[in-house]
Each structure stands twice: as C-alpha cells, then as structure tokens.
Amino acid sequence: MAKLWAVIKREYLERVRSKWFLIATFFGPIFFSAIIIVPAWLASRSKTTTDIYNSIILDATGENFGRRLAINIAGGDSTNAAMLPVVRTVPPAELTQAESLATREVMRKEKSGYVVVNQQTLAGESARYAGTNATSIADMTRIKEAIKQTIMATRLEKVGLDNQKMKEITFIPLDFSTERITERGRAGSGMASVLFGFAIGFLLYMSIVIYGQTIMSGVLEEKTTRVAEVVMSSVPTDTLLAGKVFGVGAVGLTQQIIWIGTTYVLLKVRAPIMAKLGAPTVSFSLPDISLAAGILFLLFFLLGFVFYSSLYAAVGSSVNSESEARQAASPLMIMIVSTGVFIQPVLLNPTGTTAKVLSLIPISSPIIMPIRMAVTGVPRLELAASLFFLAIGCLAALWLASRIYRVGLLMYGKRPTMREMARWVSYAR
Amino acid sequence: MTEYAIDIVNVTKRYAEHTAVNDLTLRVPKGSVYGLLGPNGAGKTTTIRMILNIIAPDAGNIFIFGRPSNDTAITERLGYLPEERGLYRKMQVRRVLKFLAELKGVKGSEADRRIDEWLERLSLKTPEKDWGLAKIDELSRGMQQKVQFIGTLLHDPDLVILDEPFSGLDPINAQALKDTVVELKRRGKTVIFSTHLMDNAERLCDSVCIIARGEKVLDGSVTDVKEEHGQRNVALALDGNGMADVAQILRDHSLVRRADDSNRFFEIELAPGADPQALLRRIVESGVAVQRFEMIQPSLHQIFLQKVGATGIEEGMSGHG
C-alpha cells in the first residue's frame with residue numbers, strides 16, 4: 001500500500017508541478033467564460049446603448065416636462081450627470097431653429113440624437129426622435145417608455161397627487177424575460193441543458209483523450225529510460241500500473257474540479273464583469289444537478305478513465321518510441337472518436353435506440369450516458385445496466401493491460417505483432 | 001539454507017523462440033562478492049531479473065536469504081542497478097532519489113538525510129553547487145550514473161545486484177564503483193554482479209559462475225576454479241625481435257594448446273603432456289630475449305575462453321544476456 005501511494009504521489013505531483021498543467025488549468029476557465037461572456041456581450045450590442053444618455057431633449061411644452069423626461073431616461077436617477085440627457089427649453093416658435101442646431105451637433109458626433117417634446121406630447125399624441133441610434137429598437141423602446149412614463153406623471157400631478165405618491169405609482173421596474181417555444185417544448189431551458197450536455201460530453205471526451213495519452217507517454221518514458229526496470233524490482237507491476245492510472249486520474253480530476261469550480265464562480269460574478277463591458281447580465285440559469293447525479297457523473301468519468309487509460313498504458317508499454325505509440329494507439333483513438341461522432345445525434349434524440357445501445361457499451365458509455373443524463377431523465381435500470389457493463393469492461397481492460405504491461409515493459413526491439421501480444425497475455429509472468 | 005544470500009534451484013525460463021535459462025542451480029554465499037560471467041545473450045540478465053522477481057521462472061525455485069523471491073518484504077533488502085541506465089529525465093534529482101527510497105520503505109527525513117549524505121559523498125553536493133536541485137536532464141552522463149548508483153544503495157540493501165556495472169563508466173567512476181563494492185563487502189553485504197569483463201571479475205570476486213547459452217558452465221570460488229584448471233599455464237614476456245619465430249613455435253600443437261597473444265605478452269595453455277621446459281628451450285633457441293617465463297594459474301579470462309570458447313556466443317541473440 002505504501003508503495004502504491006508512493007507511485008501515485010510521484011505521478012500526481014510531477015504532473016501538477018508541470019508548466020503544461022498550470023497553463024491548461026488557469027487558461028481553461030478564462031476560455032470557458034469567454035465562451036459564455038463574449039456571445040452575451042455581442043448580443044448586448046443590439047440592446048440599449050449608452051447613446052441615449054448623450055442625447056438632447058428639446059422641450060417646447062412650456063412646462064417642466066423635459067427635466068422629468070431626462071430623469072426617466074436616466075433610469076430615475078437625477079444625481080448622475082453623465083446619464084442625464086441635456087434639456088433645452090425652447091419656445092414653440094423657435095423649435096425649427098433649435099432642431100437644425102441639434103442636427104448639426106449630432107452630425108459633428110457631439111451628440112447622439114435629440115427628442116422633441118411639445119404640446120402634442122403632453123396631450124399624449126406624439127413625440128419625435130432623431131439620431132444616429134434611431135434604428136436601435138432597444139434604445140427607441142426605452143425613450144418611448146420614458147416619455148409615456150413622464151406623460152403619466154405629469155397627468156397624475158395635475159389631478160393633485162403629491163410627488164411621493166406619484167413616484168410610487170409610476171415606478172414599474174418590470175423585468176420582462178422571454179422564452180421561445182418549439183416543437184420540442186420550451187426552448188429556453190431546453191437549450192441550456194443541451195448546452196450543458198454538450199459541455200459534459202466534450203469535457204469527458206477531451207479528458208479521456210488527453211489523459212489517456214499522458215499515461216501512454218508516461219509509460220513509454222519509463223520504458224525507454226529503463227527506469228521501469230528499477231521500479232519493477234521494488235514494486236509489483238500491477239501496483240505500478242494502478243498507481244499510474246490513479247495518479248494521472250487524480251490529476252485529471254483536480255483539473256476538472258478547478259475548471260468547473262472557477263467557471264461556476266465566474267458565472268456567479270459575471271454581472272460586474274459584463275457591466276464593465278457595458279453589457280447587461282443575461283439571465284443564464286445552470287440546470288439544477290442533484291448530488292446523486294453529480295456522483296454518477298463522477299463515477300462515469302472515473303470508470304471511463306480507468307477503461308481507456310489502462311489500455312493506453314498497455315499500448316505505451318508495448319512500443320519503443322513516440323511515433324510507434326501514435327500508430328499503435330490508433331485503435332483506441334478510433335474507439336473514442338467514433339463515440340464522439342455520436343454526441344450530437346444522442347443530444348438530439350437522447351431516448352432513441354442508438355443512445356440506449358451506446359450507453360450500454362463500455363467503449364462509448366462513459367461519454368454517452370452522462371450526456372443523456374444531462375438532457376433527459378434516464379431510467380434507473382438503464383443507469384444500473386450501463387454502470388454494470390462499464391465496470392465489467394474496466395476489469396477486463398485492467399486485466400488485459402496489466403498482462404501486456406508487465407511483459408511489454410521488458411521487451412525492446414521491434415514492435416510486437418497482435419499475435420505476440422496475445423501470447424504475452426497468456427504468459428504466467 | 002540461510003547461509004546463502006541467493007539460492008537458485010533448478011530454474012528454467014523459456015521464451016517463445018528460445019530457452020533463456022535452462023535448469024540453473026547456483027548459490028551465492030552471504031557476504032561474498034559474486035560474479036555472474038558469460039557472453040552476451042548467455043542468460044545473465046534473465047537470471048538477475050528472476051532473482052529480483054521482475055519475471056518469474058517457468059520451473060524451479062529462487063530463495064533470497066532463505067525466503068522465496070516473491071516475498072515482497074525481501075525486495076526492500078535488495079538494491080538493483082540495471083545494465084541500461086536511465087531515470088525520469090524531467091524530474092529533480094532529489095525527488096527521484098526520494099521516490100526510489102520510498103519504494104524501498106525509506107521515508108521522510110531519514111530519506112532526506114541519506115540523500116544529503118550520498119550527494120555529498122559523491123560530490124554532487126558542494127558548497128558552491130547542489131546538483132540535487134537540478135533536473136536529471138541537466139546532469140552529465142557521469143553524474144547521472146552517480147545518481148543511479150545512489151538510488152541503488154540509498155536504502156542500505158543487504159544484497160546488491162549490479163548488471164554490467166562497468167559498462168559505460170569512465171575510469172574515475174569505475175574506480176569509485178570498485179571501492180564501493182569493497183566497502184560493501186567489508187560491511188557484510190552481499191554483492192552480485194554480471195559482467196563479461198574478466199579482469200574486473202578476477203580482481204573483485206570471491207566466487208564466480210560462468211554461464212553460457214542459459215546453462216551453468218562452472219561455478220565456485222575464484223581460487224578453487226583456478227586450481228581446478230591447474231598449473232598448465234605459462235606467462236611469457238618477450239623483448240623486441242624474432243616474434244615471427246616465436247609465433248611459429250606457439251602454433252606447435254604438441255606443445256601449446258592455446259596461446260593468448262597480446263603482442264609482447266602471451267598467456268599460454270600447454271598441450272596435454274607437454275613439457276614446459278621443452279617450450280622454454282625452443283623459445284630461447286629462437287634467439288628472442290625472454291623477459292619472463294613463469295608457470296602461473298590461468299586467468300579467469302583463459303578459463304572463460306577455454307570453457308565457453310567462441311561457440312558460447314550465439315549469433316543474433318538479443319541483448320537479454
């Protein structure tokens with residue numbers, strides 16, 4: 001046990017200390033949050049801009065309408081001068097002149113546009129806006145709403161409501177969210193879980209490929225530098241193999257926990273970051289994951305990892321160079337890539353026959369089953385069957401790998417044929 | 001049984017294409033320096049790997065200090081230096097050593113203390129430079145060999161197994177290795193090493209075993225082996241001219257069975273029944289100046305050649321000596 005621990009510790013610490021690990025671990029979350037924030041930021045450019053704060057209000061009402069409108073455009077805050085549009089009180093007769101002046105200012109890009117309010121506005125009939133952002137639906141809606149609100153306030157004042165009451169009645173900070181319905185139901189939340197399922201699948205897929213190959217080159221390094229022989233004289237090969245798989249697995253787990261953790265935190269605190277970018281927070285709710293589901297995800301990850309990495313270790317032990325290893329690992333790559341090909345079909349039809357069959361085969365189940373779990377409810381029986389076959393697959397892979405491994409590590413020279421490897425498996429030791 | 005450090009009984013190991021070790025029986029006395037001699041491909045490395053329980057024999061038994069070789073507690077008393085050397089290239093020297101120590105059950109501060117001691121002893125750690133903090137990659141070949149050597153001895157093993165320890169060593173490291181072997185013996189440790197360099201074996205070993213083609217050719221203490229092979233050898237040293245005549249005489253098979261010609265020095269094995277005085281007379285008559293003519297015990301080298309000959313080295317054998 002102490003020896004197993006020593007092997008695990010070396011595998012873990014040497015990898016976690018490597019530059020590659022540090023870079024990947026810290027750039028991962030930045031990359032993931034960029035994926036989330038950048039589209040939101042791009043989307044926000046079609047929403048309210050700061051242009052509306054830089055507009056002019058030409059007030060020809062003869063009442064204090066312009067000032068009130070400015071405060072409403074600024075979102076009810078009269079203290080922040082930067083957000084208050086400039087108000088110019090203009091006699092109706094001089095309005096044309098004032099408008100041409102404002103037009104020139106907009107043309108010189110000093111201002112973004114101007115609102116004209118007059119007696120017709122007070123009557124609730126009309127108002128005008130001209131500016132560079134006239135095509136922005138969000139901006140125009142905001143100004144229109146502000147004008148309506150101001151008209152309402154003015155009217156309420158006329159019927160004798162005091163300032164405080166008026167504010168209470170007219171203040172309606174309505175948060176209006178929208179959701180699309182498609183033939184598959186409510187698309188909003190549906191989209192989120194498909195995205196989540198895809199993320200899970202992708203993460204599993206990548207980590208199996210990356211860490212499988214990490215193990216393979218680790219084994220190969222021990223073989224080519226002949227450290228293996230020294231280590232084998234102290235540790236049984238099965239312990240060595242187990243230590244490698246566990247150690248590298250722990251590295252993968254560490255990295256994913258850091259990734260998931262920081263991405264989660266970044267999502268939680270994204271509001272201020274996105275506000276800095278000038279984008280309002282988009283509502284984005286992560287699907288709720290129960291503890292049981294979380295444990296199952298972990299279990300599938302670990303078993304899938306053991307399945308593939310032990311086979312990768314066997315490949316690493318049977319070859320003599322990196323180029324041979326790449327060639328010899330191609331059957332494993334084909335197994336993983338062909339599973340990857342099915343990620344999208346399974347996402348689209350998570351309860352279909354393809355999805356069900358693929359989640360029973362140990363080659364594909366560690367990736368496919370978690371995806372299904374993310375997008376749909378999977379019956380317990382199917383989950384149990386999937387785990388059962390995967391566990392059997394793991395044991396078989398470990399058994400096969402340990403037999404190839406202990407012979408392969410001591411065999412130098414030409415690459416073994418399949419027939420020779422089969423004979424290794426039958427060797428006593 | 002316990003007086004033997006290693007007791008190999010009728011051990012056989014077969015591979016698909018050939019039998020690497022065939023019915024080998026040999027005993028290594030405790031506290032001795034033991035040489036496993038043989039040409040490349042003779043089965044030395046296979047034997048060593050079986051002693052270390054890296055591979056298991058197909059038949060027969062191996063006992064280490066009286067315990068079966070697959071007893072895991074035994075591995076902590078063994079130190080092994082493989083023929084092909086190498087360490088984790090990207091790893092720091094200290095961490096490599098600590099890892100190797102841990103695999104042998106030496107932990108924490110005790111491992112640190114021993115590592116410091118060894119690094120200083122082999123001048124890998126001096127007041128100016130601590131190579132222990134460097135990566136293996138950054139070390140010269142000689143220094144890497146030192147590190148590997150430390151790794152072999154760090155846990156103070158009772159039985160040290162060195163596979164071709166002299167291959168690739170520069171004279172300084174080779175001398176350091178010899179000194180260490182002597183030191184280990186003085187401290188009551190058992191050292192077994194394989195080599196095909198007979199000179200080293202003759203000077204260092206108490207006992208030897210010569211194997212060829214997976215089978216034991218002879219074994220025993222160096223003294224016994226030499227005595228067994230009798231006083232039928234002559235050391236001959238000549239000065240200068242008349243070599244051609246002498247060469248002619250040495251080809252006379254009624255007098256000389258075999259002559260190892262080192263130009264000015266010859267080690268001659270007399271033909272059965274030949275009279276050494278007759279040989280001396282012939283040489284003197286040829287007119288060359290004889291510097292030395294002495295009846296000697298045969299060198300291990302001679303015994304090896306005599307016993308194994310050219311036939312012991314099989315063509316195309318892999319390097320699994």
# chains A, B, ... in the order shown; residues from 1 in each chain; ligands from 1
>>> residues_around(residues="Phe293 in chain B", least_positions_apart="5", cutoff="7 Å", atoms="only C-alpha atoms", output="JSON, numbers by chain")
{"B": [234, 235, 236, 237]}
>>> interface_residues(of="chain B", to="chain A", cutoff="9 Å", atoms="only C-alpha atoms", output="compact mmCIF listing (two decimals) with C-alpha atoms, in the first residue's frame")
# COMPACT_ATOMS: atom_id res chain seq x y z
CA ALA B 16 8.74 -18.35 -27.35
CA ARG B 49 15.52 -10.39 -13.32
CA LEU B 52 14.62 -9.63 -8.44
CA ASN B 53 11.20 -11.15 -9.07
CA ILE B 54 10.71 -8.90 -12.09
CA ILE B 55 9.97 -12.05 -14.04
CA ALA B 56 9.02 -15.43 -12.68
CA PRO B 57 10.78 -18.68 -13.60
CA ASP B 58 8.83 -21.31 -15.51
CA THR B 72 7.53 -8.61 -1.01
CA THR B 75 12.56 -6.63 -2.16
CA GLU B 76 13.37 -3.96 0.41
CA LEU B 78 17.69 -5.73 -2.48
CA GLY B 79 19.42 -2.98 -4.42
CA TYR B 80 19.49 -3.18 -8.18
CA LEU B 81 21.47 -1.35 -10.82
CA PRO B 82 20.24 -2.39 -14.27
CA GLU B 84 20.75 0.05 -19.23
CA ARG B 85 20.61 3.07 -17.02
CA GLY B 86 18.13 5.89 -17.02
CA LEU B 87 15.99 7.97 -14.72
CA TYR B 88 12.99 10.24 -15.03
CA ARG B 89 14.54 12.94 -17.18
CA LYS B 90 12.33 15.84 -16.21
CA MET B 91 12.42 15.13 -12.52
CA ARG B 95 12.75 13.88 -5.90
CA VAL B 96 13.87 10.92 -8.00
CA PHE B 99 10.84 8.29 -4.82
CA LEU B 100 13.25 5.37 -5.16
CA GLU B 102 10.15 5.42 -0.70
CA LEU B 103 9.68 2.38 -2.91
CA LYS B 104 12.17 0.64 -0.65
CA GLY B 105 10.45 1.74 2.50
CA THR B 152 20.63 1.57 -5.77
CA SER B 318 19.09 -10.46 -28.27
CA GLY B 319 20.62 -8.36 -25.55
>>> residues_around(residues="range 256-271 of chain B", least_positions_apart="3", cutoff="9 Å", atoms="only C-alpha atoms", output="list of chain:residue names")
B:Arg232, B:Asn233, B:Val234, B:Ala235, B:Leu236, B:Ala237, B:Leu238, B:Asp239, B:Gly240, B:Met243, B:Ala247, B:Ile249, B:Leu250, B:Arg251, B:Asp252, B:His253, B:Ala274, B:Asp275, B:Pro276, B:Leu279, B:Pro298, B:Ser299, B:Gln302, B:Gln306
>>> select_by_dssp(residues="range 90-231 of chain A", states="strand (DSSP E)", output="number ranges by chain")
A: 113-117, 128-131, 181-182, 185-186
>>> write_last_selection(atoms="N, CA and C atoms", output="PDB file, in the first residue's frame")
ATOM      1  N   GLY A 113     -28.309  62.179 -30.532  1.00  0.00           N
ATOM      2  CA  GLY A 113     -29.640  62.415 -31.099  1.00  0.00           C
ATOM      3  C   GLY A 113     -30.433  63.382 -30.233  1.00  0.00           C
ATOM      4  N   TYR A 114     -31.651  63.711 -30.673  1.00  0.00           N
ATOM      5  CA  TYR A 114     -32.464  64.603 -29.846  1.00  0.00           C
ATOM      6  C   TYR A 114     -33.933  64.207 -29.867  1.00  0.00           C
ATOM      7  N   VAL A 115     -34.590  64.478 -28.750  1.00  0.00           N
ATOM      8  CA  VAL A 115     -36.024  64.190 -28.608  1.00  0.00           C
ATOM      9  C   VAL A 115     -36.758  65.527 -28.645  1.00  0.00           C
ATOM     10  N   VAL A 116     -37.842  65.575 -29.396  1.00  0.00           N
ATOM     11  CA  VAL A 116     -38.655  66.800 -29.407  1.00  0.00           C
ATOM     12  C   VAL A 116     -39.965  66.513 -28.679  1.00  0.00           C
ATOM     13  N   VAL A 117     -40.205  67.295 -27.622  1.00  0.00           N
ATOM     14  CA  VAL A 117     -41.499  67.146 -26.917  1.00  0.00           C
ATOM     15  C   VAL A 117     -42.218  68.499 -26.939  1.00  0.00           C
ATOM     16  N   ARG A 128     -41.105  63.107 -31.080  1.00  0.00           N
ATOM     17  CA  ARG A 128     -40.199  62.744 -32.179  1.00  0.00           C
ATOM     18  C   ARG A 128     -38.795  62.484 -31.638  1.00  0.00           C
ATOM     19  N   TYR A 129     -38.095  61.638 -32.351  1.00  0.00           N
ATOM     20  CA  TYR A 129     -36.677  61.435 -32.014  1.00  0.00           C
ATOM     21  C   TYR A 129     -35.897  61.388 -33.321  1.00  0.00           C
ATOM     22  N   ALA A 130     -34.739  61.983 -33.331  1.00  0.00           N
ATOM     23  CA  ALA A 130     -33.850  61.892 -34.482  1.00  0.00           C
ATOM     24  C   ALA A 130     -32.437  61.680 -33.947  1.00  0.00           C
ATOM     25  N   GLY A 131     -31.713  60.734 -34.554  1.00  0.00           N
ATOM     26  CA  GLY A 131     -30.361  60.491 -34.053  1.00  0.00           C
ATOM     27  C   GLY A 131     -29.685  59.333 -34.753  1.00  0.00           C
ATOM     28  N   ILE A 181     -40.874  28.902 -27.697  1.00  0.00           N
ATOM     29  CA  ILE A 181     -41.445  27.555 -27.657  1.00  0.00           C
ATOM     30  C   ILE A 181     -41.260  26.906 -29.021  1.00  0.00           C
ATOM     31  N   THR A 182     -40.696  25.708 -29.021  1.00  0.00           N
ATOM     32  CA  THR A 182     -40.531  24.985 -30.289  1.00  0.00           C
ATOM     33  C   THR A 182     -41.300  23.693 -30.204  1.00  0.00           C
ATOM     34  N   GLY A 185     -40.886  21.703 -27.161  1.00  0.00           N
ATOM     35  CA  GLY A 185     -41.241  22.281 -25.872  1.00  0.00           C
ATOM     36  C   GLY A 185     -40.572  23.623 -25.678  1.00  0.00           C
ATOM     37  N   ARG A 186     -40.435  24.012 -24.422  1.00  0.00           N
ATOM     38  CA  ARG A 186     -39.893  25.322 -24.100  1.00  0.00           C
ATOM     39  C   ARG A 186     -38.416  25.351 -24.434  1.00  0.00           C
TER      40      ARG A 186
END
>>> select_by_dssp(residues="range 130-303 of chain B", states="helix (DSSP H, G or I)", output="MDAnalysis selection string")
chainID B and resid 131:133 136:138 141:153 171:186 198:204 222:228 243:250 276:285 300:303
>>> closest_residue(among="B:Asn10, B:Thr180, B:Thr19, B:Gln148", to="Arg94 in chain B", atoms="only C-alpha atoms")
B:Gln148
>>> atom_distance(atom1="CA of Met107 in chain A", atom2="CA of Asn133 in chain A")
12.3 Å
